[in-house]
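A.B. asks: This is target11.cif, which holds mmCIF, C-alpha atoms and all ligand atoms:
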```cif
data_input
#
loop_
_atom_site.label_atom_id
_atom_site.label_comp_id
_atom_site.auth_asym_id
_atom_site.auth_seq_id
_atom_site.Cartn_x
_atom_site.Cartn_y
_atom_site.Cartn_z
CA MET A 1 -1.62 -15.34 -15.98
CA ASN A 2 -3.73 -18.43 -15.27
CA LEU A 3 -7.16 -16.85 -15.21
CA ASP A 4 -10.06 -18.81 -16.68
CA LEU A 5 -10.14 -16.69 -19.79
CA THR A 6 -13.10 -16.38 -22.14
CA THR A 7 -12.54 -17.29 -25.81
CA GLU A 8 -12.18 -13.60 -26.65
CA GLN A 9 -9.70 -13.00 -23.84
CA SER A 10 -7.60 -16.04 -24.91
CA ALA A 11 -7.62 -14.73 -28.46
CA PHE A 12 -6.49 -11.34 -27.17
CA ARG A 13 -3.63 -12.94 -25.20
CA ASP A 14 -2.52 -14.85 -28.33
CA GLU A 15 -2.67 -11.60 -30.30
CA VAL A 16 -0.46 -9.86 -27.69
CA ARG A 17 2.03 -12.75 -27.66
CA ALA A 18 2.27 -12.74 -31.46
CA PHE A 19 2.74 -8.96 -31.48
CA ILE A 20 5.53 -9.12 -28.90
CA ARG A 21 7.21 -12.01 -30.73
CA GLU A 22 7.20 -10.09 -34.01
CA ARG A 23 7.84 -6.54 -32.89
CA LEU A 24 9.89 -6.51 -29.66
CA PRO A 25 13.52 -5.66 -30.61
CA GLN A 26 15.74 -8.58 -29.58
CA ASP A 27 18.46 -6.37 -28.08
CA ILE A 28 15.93 -4.83 -25.67
CA ARG A 29 14.56 -8.23 -24.65
CA GLU A 30 18.04 -9.65 -24.11
CA ARG A 31 19.19 -6.74 -21.92
CA LEU A 32 16.13 -7.05 -19.71
CA ARG A 33 16.51 -10.83 -19.47
CA GLN A 34 20.07 -10.40 -18.25
CA GLY A 35 18.85 -8.22 -15.39
CA TYR A 36 19.35 -4.67 -16.70
CA LEU A 37 16.65 -2.09 -16.07
CA PRO A 38 15.26 -0.59 -19.30
CA ARG A 39 17.05 2.57 -20.45
CA LYS A 40 15.07 5.62 -21.53
CA GLN A 41 15.80 4.89 -25.20
CA ASP A 42 14.55 1.31 -24.80
CA THR A 43 11.28 2.43 -23.24
CA VAL A 44 10.77 5.17 -25.86
CA ARG A 45 11.52 2.84 -28.80
CA TRP A 46 9.21 0.08 -27.56
CA GLN A 47 6.43 2.38 -26.35
CA ARG A 48 6.21 3.97 -29.81
CA ILE A 49 5.78 0.50 -31.32
CA LEU A 50 3.03 -0.23 -28.79
CA ALA A 51 1.45 3.18 -29.48
CA GLU A 52 0.82 2.18 -33.10
CA ARG A 53 -1.68 -0.35 -31.70
CA GLY A 54 -3.05 1.89 -28.91
CA TRP A 55 -1.37 -0.42 -26.37
CA ALA A 56 0.97 2.24 -25.00
CA ALA A 57 -2.03 3.61 -23.08
CA PRO A 58 -4.28 0.56 -23.12
CA HIS A 59 -7.07 1.86 -20.86
CA TRP A 60 -7.33 5.40 -22.25
CA PRO A 61 -10.00 6.50 -24.76
CA ARG A 62 -9.12 5.96 -28.42
CA ALA A 63 -9.48 9.69 -29.08
CA TYR A 64 -6.35 10.33 -27.00
CA GLY A 65 -4.18 7.48 -28.29
CA GLY A 66 -5.48 4.62 -26.13
CA ALA A 67 -7.22 1.30 -26.92
CA GLU A 68 -10.12 1.42 -24.38
CA LEU A 69 -9.17 -2.04 -23.08
CA GLY A 70 -11.12 -3.49 -20.15
CA GLN A 71 -9.46 -4.32 -16.84
CA ILE A 72 -8.78 -8.00 -17.66
CA GLU A 73 -7.35 -7.26 -21.11
CA ARG A 74 -5.17 -4.55 -19.59
CA ILE A 75 -3.77 -7.00 -17.05
CA ILE A 76 -3.24 -9.65 -19.74
CA LEU A 77 -1.23 -7.12 -21.74
CA LEU A 78 0.87 -6.06 -18.73
CA ASP A 79 1.47 -9.69 -17.75
CA GLU A 80 2.65 -10.64 -21.24
CA LEU A 81 4.94 -7.61 -21.44
CA GLN A 82 6.54 -8.48 -18.10
CA ARG A 83 6.97 -12.12 -19.04
CA ALA A 84 8.56 -11.35 -22.45
CA PRO A 85 10.41 -9.43 -20.85
CA ALA A 86 9.66 -6.06 -22.47
CA PRO A 87 9.63 -2.53 -21.00
CA VAL A 88 6.20 -1.63 -19.62
CA PRO A 89 4.69 1.71 -20.73
CA GLN A 90 6.25 4.63 -18.84
CA VAL A 91 4.29 4.66 -15.58
CA PHE A 92 4.39 8.39 -14.77
CA ASN A 93 2.89 9.26 -18.17
CA ILE A 94 0.49 6.38 -18.59
CA ASN A 95 -0.68 5.12 -15.18
CA MET A 96 -0.38 8.32 -13.19
CA LEU A 97 -0.70 11.61 -15.08
CA GLY A 98 -2.85 10.38 -18.00
CA PRO A 99 -5.79 9.24 -15.83
CA VAL A 100 -5.55 12.43 -13.71
CA LEU A 101 -5.79 14.60 -16.84
CA LEU A 102 -8.69 12.51 -18.15
CA LYS A 103 -10.60 13.06 -14.89
CA PHE A 104 -9.54 16.55 -13.79
CA GLY A 105 -7.81 18.18 -16.78
CA SER A 106 -9.13 20.95 -19.05
CA GLU A 107 -9.98 20.16 -22.68
CA ARG A 108 -6.85 22.03 -23.74
CA GLN A 109 -4.68 19.99 -21.39
CA LYS A 110 -6.18 16.70 -22.60
CA ALA A 111 -5.85 17.57 -26.27
CA TRP A 112 -2.26 18.81 -25.97
CA PHE A 113 -0.71 16.49 -23.40
CA LEU A 114 -2.38 13.09 -23.76
CA PRO A 115 -1.23 12.12 -27.27
CA ARG A 116 2.31 13.31 -26.39
CA LEU A 117 2.26 11.27 -23.19
CA ALA A 118 1.15 8.13 -25.05
CA ASN A 119 3.82 8.49 -27.74
CA LEU A 120 6.48 9.51 -25.18
CA ASP A 121 7.18 12.77 -26.99
CA LEU A 122 7.21 14.16 -23.44
CA TRP A 123 8.70 12.28 -20.48
CA PHE A 124 7.13 13.22 -17.15
CA CYS A 125 8.49 12.61 -13.66
CA GLN A 126 6.63 12.73 -10.34
CA GLY A 127 7.40 15.57 -7.92
CA PHE A 128 5.54 14.55 -4.75
CA SER A 129 8.13 13.72 -2.04
CA GLU A 130 10.07 16.41 -0.20
CA PRO A 131 12.56 16.33 2.64
CA GLY A 132 10.16 15.89 5.58
CA ALA A 133 7.20 14.86 3.40
CA GLY A 134 7.26 11.22 2.23
CA SER A 135 4.91 8.88 4.07
CA ASP A 136 3.27 12.01 5.45
CA LEU A 137 2.91 13.62 2.04
CA ALA A 138 0.47 16.33 3.16
CA ALA A 139 3.34 17.89 5.14
CA LEU A 140 4.77 19.19 1.83
CA ARG A 141 5.99 22.78 1.86
CA THR A 142 6.85 23.76 -1.72
CA LEU A 143 4.98 27.02 -2.15
CA ALA A 144 3.22 28.32 -5.29
CA ARG A 145 2.22 31.98 -5.00
CA ARG A 146 -0.21 33.37 -7.58
CA GLU A 147 1.08 36.42 -9.47
CA GLY A 148 -1.27 37.43 -12.31
CA GLU A 149 -1.33 34.65 -14.89
CA HIS A 150 1.53 32.72 -13.24
CA TYR A 151 2.34 30.75 -10.11
CA VAL A 152 5.77 31.53 -8.67
CA VAL A 153 7.08 28.26 -7.19
CA ASN A 154 9.74 27.95 -4.47
CA GLY A 155 10.78 24.76 -2.68
CA GLN A 156 12.46 21.38 -3.01
CA LYS A 157 11.48 17.93 -4.23
CA ILE A 158 13.48 14.77 -3.53
CA TRP A 159 13.79 11.13 -4.70
CA THR A 160 12.45 12.22 -8.08
CA SER A 161 12.98 9.18 -10.33
CA THR A 162 14.19 9.91 -13.90
CA ALA A 163 14.03 13.72 -13.44
CA HIS A 164 17.46 13.97 -15.11
CA VAL A 165 16.01 12.62 -18.36
CA ALA A 166 12.52 14.11 -17.99
CA ASP A 167 11.00 17.03 -19.89
CA TRP A 168 8.26 17.88 -17.40
CA MET A 169 7.27 17.17 -13.82
CA PHE A 170 3.78 16.91 -12.30
CA ALA A 171 4.06 18.27 -8.79
CA LEU A 172 2.08 18.82 -5.64
CA VAL A 173 2.52 22.37 -4.36
CA ARG A 174 1.02 24.41 -1.55
CA THR A 175 -1.11 27.25 -2.94
CA ASP A 176 -2.74 28.21 0.37
CA ALA A 177 -0.50 28.14 3.42
CA GLN A 178 -3.42 29.13 5.71
CA ALA A 179 -5.88 26.41 4.67
CA GLN A 180 -6.22 23.08 6.49
CA ARG A 181 -3.19 21.17 5.23
CA HIS A 182 -4.86 18.76 2.76
CA ARG A 183 -6.97 21.58 1.30
CA GLY A 184 -4.16 24.01 0.51
CA ILE A 185 -2.48 21.71 -2.03
CA SER A 186 -2.66 22.00 -5.84
CA PHE A 187 -1.48 19.88 -8.78
CA LEU A 188 0.83 21.70 -11.23
CA LEU A 189 2.56 20.73 -14.45
CA ILE A 190 6.07 22.22 -14.56
CA ASP A 191 8.28 22.40 -17.65
CA LEU A 192 11.73 21.46 -16.32
CA LYS A 193 13.42 23.85 -18.78
CA THR A 194 11.86 26.83 -16.96
CA PRO A 195 14.47 29.17 -15.40
CA GLY A 196 14.93 28.50 -11.67
CA VAL A 197 14.73 24.68 -11.90
CA THR A 198 17.88 22.80 -10.79
CA VAL A 199 18.10 18.99 -10.97
CA ARG A 200 20.83 17.29 -8.94
CA PRO A 201 21.65 13.56 -8.97
CA ILE A 202 21.35 11.17 -6.02
CA ARG A 203 23.28 7.89 -6.38
CA SER A 204 21.44 4.90 -4.98
CA ILE A 205 22.84 1.74 -3.34
CA ASP A 206 23.15 -0.03 -6.73
CA GLY A 207 25.58 2.70 -7.83
CA ALA A 208 23.22 3.96 -10.53
CA HIS A 209 21.60 7.31 -11.17
CA HIS A 210 17.82 6.87 -11.02
CA LEU A 211 17.05 9.47 -8.38
CA ASN A 212 17.34 13.24 -8.09
CA GLU A 213 16.58 16.20 -5.95
CA ILE A 214 14.97 19.22 -7.59
CA PHE A 215 15.34 22.78 -6.39
CA LEU A 216 12.72 25.32 -7.47
CA GLN A 217 13.61 28.97 -7.11
CA ASP A 218 11.11 31.59 -8.32
CA VAL A 219 9.95 29.23 -11.07
CA ARG A 220 7.17 30.90 -13.10
CA VAL A 221 4.48 28.41 -14.12
CA PRO A 222 1.54 29.58 -16.28
CA VAL A 223 -1.81 29.26 -14.48
CA GLU A 224 -3.08 27.20 -17.43
CA ASN A 225 -0.79 24.39 -16.15
CA LEU A 226 -2.87 23.97 -13.00
CA VAL A 227 -4.77 20.65 -13.15
CA GLY A 228 -8.28 20.79 -11.69
CA GLU A 229 -9.16 23.62 -9.32
CA GLU A 230 -6.77 25.41 -7.02
CA GLY A 231 -6.80 23.40 -3.76
CA GLN A 232 -7.90 20.18 -5.50
CA GLY A 233 -4.38 18.71 -5.54
CA TRP A 234 -4.94 16.23 -2.73
CA GLU A 235 -7.98 14.78 -4.50
CA CYS A 236 -5.90 14.43 -7.71
CA ALA A 237 -3.07 12.79 -5.74
CA ARG A 238 -5.35 10.25 -4.05
CA PHE A 239 -6.88 9.34 -7.41
CA LEU A 240 -3.39 9.05 -8.94
CA LEU A 241 -2.06 6.82 -6.14
CA ALA A 242 -5.06 4.48 -6.44
CA ASN A 243 -4.28 4.13 -10.17
CA GLU A 244 -0.59 3.57 -9.41
CA ARG A 245 -1.56 0.52 -7.38
CA SER A 246 -3.41 -1.30 -10.19
CA GLY A 247 -1.13 -4.04 -11.51
CA ILE A 248 0.96 -3.56 -8.40
CA ALA A 249 1.50 -7.28 -7.74
CA ASN A 250 3.81 -7.54 -10.79
CA VAL A 251 3.04 -11.24 -11.11
CA GLY A 252 4.36 -11.37 -14.69
CA ALA A 253 7.69 -9.86 -13.65
CA CYS A 254 8.04 -12.43 -10.83
CA ARG A 255 7.19 -15.29 -13.22
CA GLU A 256 9.81 -14.07 -15.68
CA ARG A 257 12.50 -13.88 -12.98
CA LEU A 258 11.55 -17.34 -11.69
CA ALA A 259 11.88 -18.75 -15.22
CA TYR A 260 15.30 -17.11 -15.51
CA ALA A 261 16.35 -18.61 -12.16
CA ARG A 262 15.38 -22.06 -13.47
CA GLU A 263 17.33 -21.40 -16.66
CA LEU A 264 20.45 -20.35 -14.72
CA ALA A 265 20.13 -23.39 -12.44
CA ALA A 266 19.82 -25.69 -15.44
CA ARG A 267 22.96 -24.44 -17.17
CA THR A 268 25.22 -24.06 -14.13
CA ARG A 269 27.29 -26.99 -12.85
CA ARG A 270 28.83 -27.64 -9.49
CA GLY A 271 31.42 -30.33 -10.14
CA ARG A 272 29.65 -32.98 -12.22
CA HIS A 273 26.15 -31.98 -11.10
CA ARG A 274 23.81 -29.36 -12.42
CA LEU A 275 22.56 -26.88 -9.80
CA ALA A 276 19.05 -27.70 -11.00
CA ASP A 277 19.47 -31.23 -9.56
CA ASP A 278 20.26 -29.93 -6.07
CA PRO A 279 17.30 -31.02 -3.85
CA HIS A 280 17.54 -27.90 -1.64
CA LEU A 281 17.39 -25.61 -4.62
CA ARG A 282 14.51 -27.57 -6.15
CA HIS A 283 12.65 -27.20 -2.87
CA GLU A 284 13.29 -23.45 -2.82
CA LEU A 285 12.11 -23.05 -6.43
CA ALA A 286 8.97 -25.08 -5.74
CA LEU A 287 8.15 -22.93 -2.69
CA LEU A 288 8.61 -19.73 -4.68
CA ASP A 289 6.40 -21.15 -7.41
CA ALA A 290 3.66 -21.91 -4.86
CA GLU A 291 3.94 -18.46 -3.26
CA LEU A 292 3.69 -16.87 -6.67
CA ARG A 293 0.63 -18.94 -7.49
CA ALA A 294 -0.98 -17.73 -4.26
CA LEU A 295 -0.21 -14.13 -5.24
CA GLU A 296 -1.71 -14.76 -8.68
CA VAL A 297 -4.94 -16.09 -7.17
CA THR A 298 -5.15 -13.16 -4.75
CA ASN A 299 -4.59 -10.78 -7.65
CA GLN A 300 -7.40 -12.47 -9.58
CA ARG A 301 -9.78 -12.19 -6.63
CA PHE A 302 -8.93 -8.52 -6.47
CA LEU A 303 -9.56 -7.98 -10.17
CA LEU A 304 -12.69 -10.06 -10.50
CA THR A 305 -14.50 -9.37 -7.23
CA PRO A 306 -16.06 -5.92 -6.96
CA SER A 307 -16.23 -6.18 -3.14
CA ALA A 308 -12.47 -6.78 -3.01
CA GLN A 309 -11.89 -3.71 -5.17
CA ALA A 310 -14.20 -1.72 -2.90
CA ALA A 311 -11.88 -2.62 -0.03
CA MET A 312 -9.14 -0.58 -1.74
CA PRO A 313 -6.64 0.60 -0.74
CA ALA A 314 -6.15 -2.21 1.77
CA PHE A 315 -6.41 -5.04 -0.74
CA ALA A 316 -3.91 -3.32 -3.01
CA SER A 317 -1.62 -3.03 0.03
CA VAL A 318 -1.66 -6.82 0.46
CA LEU A 319 -0.71 -7.22 -3.20
CA LYS A 320 2.09 -4.68 -2.90
CA LEU A 321 3.49 -6.25 0.27
CA ARG A 322 3.53 -9.79 -1.11
CA GLY A 323 4.59 -8.81 -4.64
CA THR A 324 7.51 -6.74 -3.35
CA ALA A 325 8.64 -9.44 -0.92
CA LEU A 326 8.58 -12.09 -3.65
CA GLN A 327 10.50 -9.90 -6.07
CA GLN A 328 13.15 -9.25 -3.43
CA GLN A 329 13.42 -13.00 -2.72
CA LEU A 330 13.73 -13.80 -6.42
CA HIS A 331 16.44 -11.19 -6.99
CA GLY A 332 18.32 -12.60 -3.99
CA LEU A 333 18.11 -16.11 -5.40
CA LEU A 334 19.35 -14.90 -8.80
CA VAL A 335 22.41 -13.32 -7.23
CA ARG A 336 23.23 -16.62 -5.50
CA LEU A 337 22.74 -18.57 -8.73
CA GLY A 338 24.74 -16.03 -10.72
CA GLY A 339 27.53 -16.18 -8.14
CA ALA A 340 27.60 -19.98 -8.32
CA GLY A 341 27.89 -19.65 -12.11
CA VAL A 342 30.87 -17.32 -11.87
CA ARG A 343 32.72 -19.65 -9.54
CA GLU A 344 31.83 -22.97 -11.05
CA HIS A 345 31.07 -22.63 -14.70
CA VAL A 346 33.68 -23.22 -17.37
CA ASP A 347 31.85 -21.47 -20.17
CA ASP A 348 32.36 -17.70 -19.96
CA GLU A 349 29.42 -16.73 -22.10
CA ASP A 350 27.05 -18.06 -19.44
CA VAL A 351 28.12 -15.50 -16.85
CA ASP A 352 26.91 -12.49 -18.86
CA GLY A 353 24.94 -10.00 -16.89
CA ILE A 354 25.83 -11.18 -13.39
CA PRO A 355 26.91 -7.74 -12.11
CA HIS A 356 23.50 -6.55 -13.23
CA LEU A 357 21.81 -9.27 -11.20
CA VAL A 358 23.52 -7.73 -8.17
CA GLU A 359 22.45 -4.22 -9.19
CA ARG A 360 18.87 -5.39 -9.67
CA TYR A 361 18.93 -7.13 -6.30
CA LEU A 362 20.08 -3.90 -4.65
CA PHE A 363 17.54 -1.79 -6.55
CA ALA A 364 14.76 -4.23 -5.58
CA ARG A 365 15.37 -3.26 -1.93
CA ALA A 366 13.69 0.07 -2.79
CA GLY A 367 10.46 -1.73 -3.76
CA SER A 368 9.37 -1.74 -0.12
CA ILE A 369 9.92 2.04 0.11
CA TYR A 370 8.54 3.71 -3.03
CA GLY A 371 4.80 3.75 -3.74
CA GLY A 372 4.26 3.69 0.06
CA THR A 373 6.57 1.85 2.48
CA SER A 374 5.80 -1.63 3.79
CA GLU A 375 5.12 -0.22 7.26
CA ILE A 376 2.48 2.12 5.83
CA GLN A 377 0.91 -0.74 3.82
CA ARG A 378 0.74 -2.92 6.95
CA ASP A 379 -0.91 -0.04 8.78
CA LEU A 380 -3.56 0.22 6.03
CA VAL A 381 -4.18 -3.53 6.14
CA ALA A 382 -4.51 -3.44 9.93
CA LYS A 383 -6.92 -0.51 9.88
CA THR A 384 -9.12 -1.52 6.94
CA LEU A 385 -9.06 -5.30 6.65
CA LEU A 386 -8.48 -6.36 10.22
CA GLY A 387 -10.62 -3.64 11.82
C1 LIG B 1 13.84 4.16 -5.58
C2 LIG B 1 12.86 5.22 -5.14
C3 LIG B 1 12.17 5.96 -6.09
C4 LIG B 1 11.31 6.98 -5.71
N1 LIG B 1 10.73 7.75 -6.69
C5 LIG B 1 9.94 8.79 -6.33
C6 LIG B 1 9.40 9.67 -7.34
O1 LIG B 1 9.64 9.49 -8.54
N2 LIG B 1 8.67 10.72 -6.93
C7 LIG B 1 8.39 10.96 -5.62
O2 LIG B 1 7.68 11.91 -5.34
N3 LIG B 1 8.90 10.17 -4.64
C8 LIG B 1 9.67 9.10 -4.96
N4 LIG B 1 10.21 8.28 -3.99
C9 LIG B 1 10.00 8.64 -2.60
C10 LIG B 1 9.09 7.68 -1.84
O3 LIG B 1 7.75 7.87 -2.20
C11 LIG B 1 9.35 7.92 -0.35
O4 LIG B 1 10.68 7.53 -0.09
C12 LIG B 1 8.40 7.14 0.53
O5 LIG B 1 7.10 7.64 0.43
C13 LIG B 1 8.85 7.18 2.01
O6 LIG B 1 9.04 8.49 2.43
P1 LIG B 1 10.39 8.96 3.13
O7 LIG B 1 11.54 8.49 2.31
O8 LIG B 1 10.27 10.41 3.40
O9 LIG B 1 10.45 8.13 4.48
P2 LIG B 1 9.68 8.47 5.83
O10 LIG B 1 8.24 8.75 5.51
O11 LIG B 1 10.45 9.49 6.57
O12 LIG B 1 9.76 7.09 6.57
C14 LIG B 1 10.95 6.65 7.23
C15 LIG B 1 10.64 5.32 7.91
O13 LIG B 1 9.59 5.51 8.89
C16 LIG B 1 8.51 4.64 8.62
N5 LIG B 1 7.22 5.33 8.90
C17 LIG B 1 6.88 6.59 8.52
N6 LIG B 1 5.62 6.89 8.92
C18 LIG B 1 5.17 5.79 9.59
C19 LIG B 1 3.94 5.46 10.24
N7 LIG B 1 2.92 6.35 10.28
N8 LIG B 1 3.81 4.23 10.79
C20 LIG B 1 4.84 3.33 10.74
N9 LIG B 1 6.04 3.59 10.14
C21 LIG B 1 6.19 4.79 9.57
C22 LIG B 1 8.59 4.32 7.14
O14 LIG B 1 7.97 3.09 6.83
C23 LIG B 1 10.10 4.26 6.94
O15 LIG B 1 10.59 2.99 7.30
C24 LIG B 1 11.08 7.25 -4.34
C25 LIG B 1 11.74 6.48 -3.37
C26 LIG B 1 12.63 5.49 -3.76
C27 LIG B 1 13.35 4.69 -2.70
#
```
Would you mind writing the file out in structure tokens?
C.D. replies:
Amino acid sequence: MNLDLTTEQSAFRDEVRAFIRERLPQDIRERLRQGYLPRKQDTVRWQRILAERGWAAPHWPRAYGGAELGQIERIILLDELQRAPAPVPQVFNINMLGPVLLKFGSERQKAWFLPRLANLDLWFCQGFSEPGAGSDLAALRTLARREGEHYVVNGQKIWTSTAHVADWMFALVRTDAQAQRHRGISFLLIDLKTPGVTVRPIRSIDGAHHLNEIFLQDVRVPVENLVGEEGQGWECARFLLANERSGIANVGACRERLAYARELAARTRRGRHRLADDPHLRHELALLDAELRALEVTNQRFLLTPSAQAAMPAFASVLKLRGTALQQQLHGLLVRLGGAGVREHVDDEDVDGIPHLVERYLFARAGSIYGGTSEIQRDLVAKTLLG
């Protein structure tokens, strides 16, 4: 990140870099560099190392395992992790549920869940989307009927990332079918080991198993697992989605992929020439660099200008649109460079990881769907920024 940092912020960045250099396991770094997504065990191992410093949950209060970092320090940390590359703290636990519990949760919920979320003793997934309720989330139909000290939950969730390796799910459920549709929704924490929960895999275009559908049949959830008041689920969800969007530009991740593209171009030959000397490729890399710089500056304006932040969610939508498009472009370029390496290069060890570049390229297509599709983001920009 090229912000004009204060002396303290520069010192913090150096501290983060030194920490990553010393503590990030090399095998994890190398897998990510080659284009693999982090596995659960990679994220758990690294997050526990970060947790020792409070950096697993950088913006949370110290009392619950955080480091109380300010916005700029938090972004510096994220940027350095992405550039390393290292797994970022598990987003469902840290960026989504944690802040919701801090704002809406009971003291018991905070004391019990937050330290376990930070240390990844519990892995949460996000049960929002349903068949027929994605962009129009308030159309959700999963029903939670109160019976004494329990809710009895019936319904279906879909596209639930990592549910097959998760321990718990935070879910939006309908607790009042008669109320106006946004008002009848509540936010529940569901232990996935509860009888009546069935998790089924969905294979995505990259051939991998990230996604699932979840069937809930007469699942009994203790009332103490309701977050906030009954009917306050939509407010929790809006707060959660706003948090999800911070750091959404993923500038560090784009920078890391651009550096890897340059590295591949430098060590791949076509005949007697290095790909890096090809004027068309140099032009493409320079354009990507400039686009990325523009995204960085926009991101900085967003972070440093209160009026820009007040324009949320539209400003965050701009960052998501551009960040996603750049990531997709970069993954496309890497596949082309990797392919050129397979065909042209004599040294086998240089073609490591190329199938994973293809998988990552395919997975990156989903970036313009999850977290709100590009069409929805453009709609928000049109309504809020353009009037
Ligand atoms: C890889 C991946 C991981 C995901 N992980 C999770 C997860 O962990 N938990 C979870 O709850 N969900 C998850 N999702 C679901 C995701 O949030 C939804 O797919 C997304 O919100 C879109 O909803 P939908 O799929 O129902 O599409 P729809 O809402 O049916 O949209 C279909 C198409 O219509 C367009 N469209 C819809 N409404 C409008 C409109 N008003 N104006 C213009 N165009 C419109 C959309 O842009 C899209 O192109 C994930 C999705 C993917 C792809």
A.B. asks: Residues at most 9 Å from ligand LIG 1 (chain B), using all atoms listed in the file? Could they come as a PyMOL selection string?
C.D. replies: chain A and resi 92+125-137+157-163+171-172+204+210-212+363-379
A.B. asks: Smallest atom-to-atom distance to A:Glu359: which of A:His209, A:His283, A:Arg29, A:Lys383, using only C-alpha atoms?
C.D. replies: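 Smallest separation from A:Glu359 among the options: A:His209.
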A.B. asks: In terms of the shortest atom-to-atom distance over all atoms listed in the file, which of A:Ala118, A:Leu281, A:Ala259, A:Ile248 is closest to A:Leu319?
C.D. replies: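 Of the candidates, the smallest distance to A:Leu319 is held by A:Ile248.
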A.B. asks: Let me make sure I understand: among A:Arg145, A:Arg108, A:Arg360, A:Arg74, which one has the smallest atom-to-atom distance to A:Ser186 if we use only C-alpha atoms?
C.D. replies: A:Arg145
A.B. asks: Compare A:Leu304, A:Val358, A:Val16, A:Ala276 by their minimum atom-to-atom distance to A:Asp79, counting only C-alpha atoms, and give me the closest one.
C.D. replies: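 Checking each candidate against A:Asp79, we get A:Val16 as the closest.
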A.B. asks: Which residues are close to A:Val88, i.e. within 8 Å by only C-alpha atoms, leaving aside same-chain residues fewer than 5 positions away? Reply as a short mmCIF file (atom, residue, chain, number, x, y, z; two decimals) with C-alpha atoms, in the coordinates of the input.
C.D. replies:
```cif
data_model
loop_
_atom_site.label_atom_id
_atom_site.label_comp_id
_atom_site.auth_asym_id
_atom_site.auth_seq_id
_atom_site.Cartn_x
_atom_site.Cartn_y
_atom_site.Cartn_z
CA THR A 43 11.28 2.43 -23.24
CA GLN A 47 6.43 2.38 -26.35
CA LEU A 78 0.87 -6.06 -18.73
CA LEU A 81 4.94 -7.61 -21.44
CA GLN A 82 6.54 -8.48 -18.10
#
```
A.B. asks: Would you please work out which residue, of A:Leu362, A:Ala63, A:Val152, A:Val221, is nearest to A:Ile205 when using all atoms listed in the file?
C.D. replies: A:Leu362
A.B. asks: Please write as a ChimeraX atom specification the list of polymer residues whose atoms come within 10 Å of (-6.2, 10.8, -32.3), counting all atoms listed in the file and keeping to the coordinates of the file.
C.D. replies: /A:61-66,111,114-115
A.B. asks: Between atom CA of A:Ala11 and atom CA of A:Gln327, what is the spacing in Å?
C.D. replies: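 Separation between atom CA of A:Gln327 and atom CA of A:Ala11: 29.2 Å.
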A.B. asks: Restricting the calculation to all atoms listed in the file: of A:Asn225, A:Glu244, A:Ala249, A:Gly98, which residue gets closest to A:Thr324?
C.D. replies: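 Ranked by minimum distance to A:Thr324, first place goes to A:Ala249.
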A.B. asks: Name the residues in contact with stretch 288-300 of chain A at a cut-off of 12 Å, using only C-alpha atoms, excluding same-chain residues fewer than 5 positions from it; report them as JSON, numbers by chain.
C.D. replies: {"A": [1, 2, 3, 4, 5, 71, 72, 75, 76, 79, 245, 246, 247, 248, 249, 250, 251, 252, 253, 254, 255, 256, 257, 258, 259, 261, 262, 281, 282, 283, 305, 306, 308, 309, 315, 316, 317, 318, 319, 320, 321, 322, 323, 324, 325, 326, 327, 328, 329, 330, 331, 333]}
A.B. asks: With only C-alpha atoms counted, which protein, DNA or RNA residues have an atom no more than 12 Å from (3.4, 1.7, -25.3) in the file frame? Please answer as a PyMOL selection string.
C.D. replies: chain A and resi 20+24+42-60+65-67+77-78+81+86-91+93-95+115-121
A.B. asks: What does the distance between atom CA of A:Arg274 and atom CA of A:Gly338 come to in Å, to one decimal place?
C.D. replies: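 Atom CA of A:Gly338 lies at a distance of 13.5 Å from atom CA of A:Arg274.
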